[in-house]
Amino acid sequence: MWREILLHLESAGFEAYIVGGRIRNSLLGLTEDQKSPWDADIATSALPDQVKAVFSGYPVIETGIKHGTVTVLTPEPMEITTFRKDGTYSDGRHPDSVDFCTSIEEDLSRRDFTVNAIAMDARGKITDPFDGISDINNGILRTVGNANERFREDPLRIFRGLRFAAVLCQTDSHSAFTIDENTAKAMFENRMLLKGVSAERLYAEFSKLVGGAFAGNVIRKYTEIIGVVIPPLLTMKGFNQRNPYHRYDVLEHCIRAMEYTEDNYCLKLAALFHDVGKPETFFLDDEGIGHMYGHPAAGERIFRGIMSDLKADRATTDRVAALIKYHDIVFQKDKTLLKRWMNRYTPEMLLDILSIKEADNIATGNAGSDLIDKFHEIRRMIHEILDEKECFTLKDLAVSGSDLINEGMAPGPELGETLNKLLELVIEGRVDNNRDALLKAIFRS
Ligand code: ATP
Ligand code: MG
C-alpha cells in the first residue's frame with residue numbers, strides 16, 4: 001500500500017520515501033505480523049498542504065501539521081512527513097518550530113539512530129548516508145552525528161536507544177544489538193536530561209522496552225539511566241535480602257522473574273516490580289535473617305507512584321498493582337481454596353497471580369522441579385474447574401435471591417449472607433449445587 005502512496009506523490013512531482021521502523025525491520029529480515037502491522041512512516045518533499053491536495057480524495061488527519069506530519073487514511077493510516085532539518089522534537093513543553101528542507105539526505109540527518117536513518121523509494125532504491133545498513137548487519141546502535149549533541153537536542157533519544165537495544169534482534173544469530181561505546185557513554189553522561197522529557201513520551205518507550213526480548217539485559221546494564229525516570233530501580237539494585245531463600249539482590253531477582261514470564265506486558269511489568277516494596281519493609285531479625293513483611297502492599301503503593309509519574313493508563317496500572325498486591329498468596333493443590341480465590345479474584349486474575357508466583361519462585365534460583373510441577377498442576381486444576389463449569393460464584397449457584405424470596409425470605413442483607421453461605425457450602429463440597437439440596441440446606445436448619 002505504501003508503495004502506491006509513494007508513486008502517487010511522485011506522479012504529482014514530489015520525492016517520497018519510506019523511512020523509519022518499517023524499512024529497518026524489513027532490512028532485519030523480519031516479516032510483518034498481521035496482528036500488529038508496522039506503521040508506515042513516509043518522508044516527502046511535498047509540504048503538508050501539498051500532501052493534503054495530492055490525497056484530496058481521502059480523509060486526512062492533521063496529526064502534527066505544525067511539524068509537517070499529516071496522516072492519510074488510505075484506508076490504512078499513513079503518516080506522511082515533509083522533509084525536515086530541525087532536530088527538535090515535541091516534548092510537550094517547548095513550542096518547537098520546524099524548518100522544512102528539500103533533500104532526503106538532510107531529512108535523514110535529523111533522525112536519531114543510523115538504523116533509523118535509511119530511506120527507500122518506490123522502486124526499492126536505498127538512500128543510506130550514515131551506513132545504517134552496515135550497522136543493521138553488525139547489530140550496532142549508533143546516533144546519527146555527535147551523540148552528545150543529539151541527546152542534548154532531544155533527551156528522549158536516550159530512552160529510545162535503550163528501547164531499540166531491548167527490542168531489536170539480529171535475525172540470523174538471534175543476538176541483541178549493542179549500543180556503540182560513544183553512544184552509550186553519551187547516554188550515561190546526559191541521563192539527567194531525561195527529567196525534562198514529558199512522561200507520556202518516556203512511558204511510550206519504556207513500555208516497548210519492557211516487551212523486548214532483551215529487556216532484562218538492558219535494565220541490568222543501564223539501571224542508572226532508567227533509574228533517572230524510575231528511581232525505585234536504583235533502590236532495588238544491589239539490595240541484599242539477607243535471606244537464605246534468595247540468591248540474588250532484589251533487582252536481579254525481579255529481572256529474572258520478568259524474563260521468565262510469558263510474552264504479556266502486564267505480567268512482565270508485574271514481575272519486574274513485584275518486590276519493589278522490599279527495601280522499604282526490610283528488617284533483620286536476631287539471627288541476622290532479613291524479613292520483608294508487608295512488602296506486597298508497600299510494592300503496590302510504590303508501583304502506583306511510578307505509573308502515575310509516567311502518566312500511564314489506569315487499566316494497566318490497576319491490573320499490575322493488583323498482581324503485585326497479591327503476589328504473595330500461598331497456592332495449594334486444593335480445589336476448595338482455588339474456587340474461593342477464583343470467586344474473590346476472578347479466574348483470569350488468579351491465573352495471572354499464579355504466573356507471577358511461578359516466575360517469582362523460579363527467579364529465586366532455588367526452585368526444584370517438584371515446585372514447577374506443583375504450579376502446572378494448580379494451573380490444570382483451575383482450568384478443570386472452568387471446563388467442568390464447577391460452581392464458584394453466586395452466579396453459578398442453582399438458587400438466586402428471588403428464589404429465596406419466593407420461599408418466604410425477606411429481602412435485605414441477610415439474604416445476601418445466606419446466598420454466600422450456600423456458595424461456601426457448595427465450594428466445600430458439602431451440598432450439591434441443585435435447587436432442592438440448597439433449599440433444604442437453608443430451611444432445614
Ligand atoms: P517503531 O515504529 O517500530 O516503533 P520507528 O523507528 O518507526 O519504530 P517511530 O517513533 O515510528 O519509530 O519514528 C519513526 C522515525 O522517525 C524513526 O525511525 C526515526 O527515524 C525518527 N524519529 C522518531 N523519533 C525521533 C526522535 N526523538 N529523534 C530523532 N528521530 C526520531
Ligand atoms: Mg514507526
# chains A, B, ... in the order shown; residues from 1 in each chain; ligands from 1
$ residues_near_ligand --ligand "ligand 1" --cutoff "6 Å" --atoms "only C-alpha atoms and all ligand atoms" --output "list in words"
Gly20, Gly21, Asp39, Tyr89, Arg110, Arg111, Asp112, Asn116, Ala117, Leu156 and Arg157 of chain A
$ residues_around --residues "Glu189 of chain A" --least-positions-apart "4" --cutoff "9 Å" --atoms "only C-alpha atoms" --output "MDAnalysis selection string"
chainID A and resid 148 184:185
$ residues_near_ligand --ligand "ligand 2" --cutoff "10 Å" --atoms "only C-alpha atoms and all ligand atoms" --output "PyMOL selection string"
chain A and resi 19-25+38-42+79+116
$ closest_atom_pairs --of "segment 316-423 of chain A" --to "segment 262-282 of chain A" --cutoff "10 Å" --atoms "only C-alpha atoms" --output "tab-separated table"
residue	atom	partner	partner_atom	distance
A:Thr316	CA	A:Cys266	CA	6.7
A:Thr317	CA	A:Cys266	CA	8.8
A:Arg319	CA	A:Cys266	CA	7.3
A:Val320	CA	A:Ala270	CA	5.3
A:Ala321	CA	A:Ala270	CA	7.4
A:Ala322	CA	A:Ala270	CA	8.9
A:Leu323	CA	A:Ala270	CA	6.3
A:Ile324	CA	A:His274	CA	5.0
A:Lys325	CA	A:His274	CA	8.1
A:Tyr326	CA	A:His274	CA	9.4
A:His327	CA	A:His274	CA	7.1
A:Asp328	CA	A:His274	CA	9.3
A:Asp352	CA	A:Leu267	CA	7.0
A:Ile353	CA	A:Leu267	CA	8.7
A:Ser355	CA	A:Leu267	CA	7.7
A:Ile356	CA	A:Ala271	CA	6.0
A:Lys357	CA	A:Ala271	CA	8.8
A:Ala359	CA	A:Ala271	CA	7.4
A:Asp360	CA	A:Ala271	CA	7.3
A:Ala363	CA	A:Ala271	CA	9.9
$ write_last_selection --atoms "C-alpha atoms" --output "tab-separated table (two decimals), in the first residue's frame"
chain	number	residue	atom	x	y	z
A	316	THR	CA	-2.66	-1.25	33.18
A	317	THR	CA	-1.84	0.42	36.48
A	319	ARG	CA	-4.20	-4.61	36.81
A	320	VAL	CA	-0.49	-4.73	37.58
A	321	ALA	CA	-0.91	-3.11	41.01
A	322	ALA	CA	-3.33	-5.90	41.94
A	323	LEU	CA	-0.88	-8.55	40.75
A	324	ILE	CA	1.84	-7.01	42.93
A	325	LYS	CA	-0.50	-6.73	45.90
A	326	TYR	CA	-1.50	-10.38	45.75
A	327	HIS	CA	1.73	-11.95	44.52
A	328	ASP	CA	2.49	-13.42	47.91
A	352	ASP	CA	-2.01	-14.24	36.29
A	353	ILE	CA	-1.15	-14.23	40.00
A	355	SER	CA	2.15	-16.92	36.67
A	356	ILE	CA	3.82	-14.20	38.73
A	357	LYS	CA	4.20	-16.56	41.66
A	359	ALA	CA	8.19	-16.70	37.90
A	360	ASP	CA	8.96	-15.42	41.41
A	363	ALA	CA	13.77	-16.48	39.88
$ closest_residue --among "A:Glu259, A:Gly68, A:Lys35, A:Ser198" --to "Ile219 of chain A" --atoms "only C-alpha atoms"
A:Glu259
$ decode --residues "segment 271-295 of chain A" --atoms "N, CA, C and O atoms" --output "mmCIF file, in the first residue's frame"
data_model
loop_
_atom_site.group_PDB
_atom_site.id
_atom_site.type_symbol
_atom_site.label_atom_id
_atom_site.label_comp_id
_atom_site.auth_asym_id
_atom_site.auth_seq_id
_atom_site.Cartn_x
_atom_site.Cartn_y
_atom_site.Cartn_z
ATOM 1 N N ALA A 271 6.056 -8.623 37.146
ATOM 2 C CA ALA A 271 7.222 -9.399 37.594
ATOM 3 C C ALA A 271 8.391 -8.458 37.898
ATOM 4 O O ALA A 271 9.061 -8.591 38.920
ATOM 5 N N LEU A 272 8.581 -7.469 37.043
ATOM 6 C CA LEU A 272 9.709 -6.550 37.228
ATOM 7 C C LEU A 272 9.595 -5.765 38.539
ATOM 8 O O LEU A 272 10.601 -5.444 39.166
ATOM 9 N N PHE A 273 8.355 -5.464 38.930
ATOM 10 C CA PHE A 273 8.197 -4.634 40.129
ATOM 11 C C PHE A 273 7.586 -5.399 41.305
ATOM 12 O O PHE A 273 7.209 -4.785 42.294
ATOM 13 N N HIS A 274 7.498 -6.734 41.212
ATOM 14 C CA HIS A 274 6.730 -7.420 42.258
ATOM 15 C C HIS A 274 7.355 -7.241 43.647
ATOM 16 O O HIS A 274 6.655 -7.221 44.645
ATOM 17 N N ASP A 275 8.668 -7.086 43.710
ATOM 18 C CA ASP A 275 9.321 -6.929 45.022
ATOM 19 C C ASP A 275 9.828 -5.509 45.256
ATOM 20 O O ASP A 275 10.700 -5.301 46.094
ATOM 21 N N VAL A 276 9.266 -4.551 44.541
ATOM 22 C CA VAL A 276 9.755 -3.172 44.678
ATOM 23 C C VAL A 276 9.559 -2.655 46.118
ATOM 24 O O VAL A 276 10.257 -1.744 46.560
ATOM 25 N N GLY A 277 8.640 -3.288 46.861
ATOM 26 C CA GLY A 277 8.392 -2.852 48.239
ATOM 27 C C GLY A 277 9.367 -3.440 49.250
ATOM 28 O O GLY A 277 9.283 -3.136 50.443
ATOM 29 N N LYS A 278 10.270 -4.300 48.792
ATOM 30 C CA LYS A 278 11.133 -4.987 49.771
ATOM 31 C C LYS A 278 12.117 -4.069 50.498
ATOM 32 O O LYS A 278 12.209 -4.141 51.724
ATOM 33 N N PRO A 279 12.853 -3.224 49.793
ATOM 34 C CA PRO A 279 13.822 -2.407 50.527
ATOM 35 C C PRO A 279 13.159 -1.609 51.656
ATOM 36 O O PRO A 279 13.679 -1.531 52.764
ATOM 37 N N GLU A 280 11.971 -1.083 51.379
ATOM 38 C CA GLU A 280 11.297 -0.243 52.370
ATOM 39 C C GLU A 280 10.852 -1.016 53.612
ATOM 40 O O GLU A 280 10.798 -0.485 54.707
ATOM 41 N N THR A 281 10.488 -2.282 53.443
ATOM 42 C CA THR A 281 9.913 -3.042 54.558
ATOM 43 C C THR A 281 10.937 -3.962 55.221
ATOM 44 O O THR A 281 10.600 -4.743 56.099
ATOM 45 N N PHE A 282 12.179 -3.861 54.790
ATOM 46 C CA PHE A 282 13.211 -4.791 55.247
ATOM 47 C C PHE A 282 13.576 -4.603 56.719
ATOM 48 O O PHE A 282 13.739 -3.497 57.201
ATOM 49 N N PHE A 283 13.676 -5.715 57.453
ATOM 50 C CA PHE A 283 14.332 -5.638 58.766
ATOM 51 C C PHE A 283 15.054 -6.946 59.043
ATOM 52 O O PHE A 283 14.714 -7.994 58.512
ATOM 53 N N LEU A 284 16.092 -6.867 59.879
ATOM 54 C CA LEU A 284 16.905 -8.043 60.219
ATOM 55 C C LEU A 284 16.439 -8.594 61.554
ATOM 56 O O LEU A 284 16.261 -7.826 62.507
ATOM 57 N N ASP A 285 16.241 -9.916 61.644
ATOM 58 C CA ASP A 285 15.862 -10.475 62.947
ATOM 59 C C ASP A 285 17.119 -10.760 63.780
ATOM 60 O O ASP A 285 18.242 -10.498 63.343
ATOM 61 N N ASP A 286 16.908 -11.315 64.982
ATOM 62 C CA ASP A 286 18.046 -11.521 65.894
ATOM 63 C C ASP A 286 19.091 -12.462 65.319
ATOM 64 O O ASP A 286 20.261 -12.412 65.685
ATOM 65 N N GLU A 287 18.627 -13.348 64.428
ATOM 66 C CA GLU A 287 19.583 -14.282 63.820
ATOM 67 C C GLU A 287 20.277 -13.691 62.587
ATOM 68 O O GLU A 287 21.021 -14.389 61.905
ATOM 69 N N GLY A 288 19.959 -12.460 62.284
ATOM 70 C CA GLY A 288 20.596 -11.822 61.125
ATOM 71 C C GLY A 288 19.941 -12.195 59.806
ATOM 72 O O GLY A 288 20.520 -12.058 58.737
ATOM 73 N N ILE A 289 18.708 -12.701 59.881
ATOM 74 C CA ILE A 289 17.979 -13.051 58.662
ATOM 75 C C ILE A 289 17.046 -11.882 58.289
ATOM 76 O O ILE A 289 16.404 -11.304 59.162
ATOM 77 N N GLY A 290 16.987 -11.579 56.992
ATOM 78 C CA GLY A 290 16.158 -10.466 56.540
ATOM 79 C C GLY A 290 14.699 -10.873 56.359
ATOM 80 O O GLY A 290 14.404 -11.970 55.876
ATOM 81 N N HIS A 291 13.800 -10.009 56.767
ATOM 82 C CA HIS A 291 12.363 -10.225 56.539
ATOM 83 C C HIS A 291 11.766 -8.975 55.914
ATOM 84 O O HIS A 291 12.260 -7.872 56.144
ATOM 85 N N MET A 292 10.706 -9.179 55.138
ATOM 86 C CA MET A 292 10.096 -8.045 54.447
ATOM 87 C C MET A 292 8.585 -8.153 54.510
ATOM 88 O O MET A 292 7.899 -8.210 53.506
ATOM 89 N N TYR A 293 8.061 -8.209 55.754
ATOM 90 C CA TYR A 293 6.617 -8.354 55.917
ATOM 91 C C TYR A 293 5.921 -7.127 55.354
ATOM 92 O O TYR A 293 6.389 -6.012 55.529
ATOM 93 N N GLY A 294 4.799 -7.386 54.685
ATOM 94 C CA GLY A 294 4.039 -6.251 54.147
ATOM 95 C C GLY A 294 4.609 -5.691 52.855
ATOM 96 O O GLY A 294 4.154 -4.666 52.372
ATOM 97 N N HIS A 295 5.603 -6.377 52.278
ATOM 98 C CA HIS A 295 6.191 -5.784 51.067
ATOM 99 C C HIS A 295 5.238 -5.759 49.876
ATOM 100 O O HIS A 295 5.356 -4.850 49.053
#
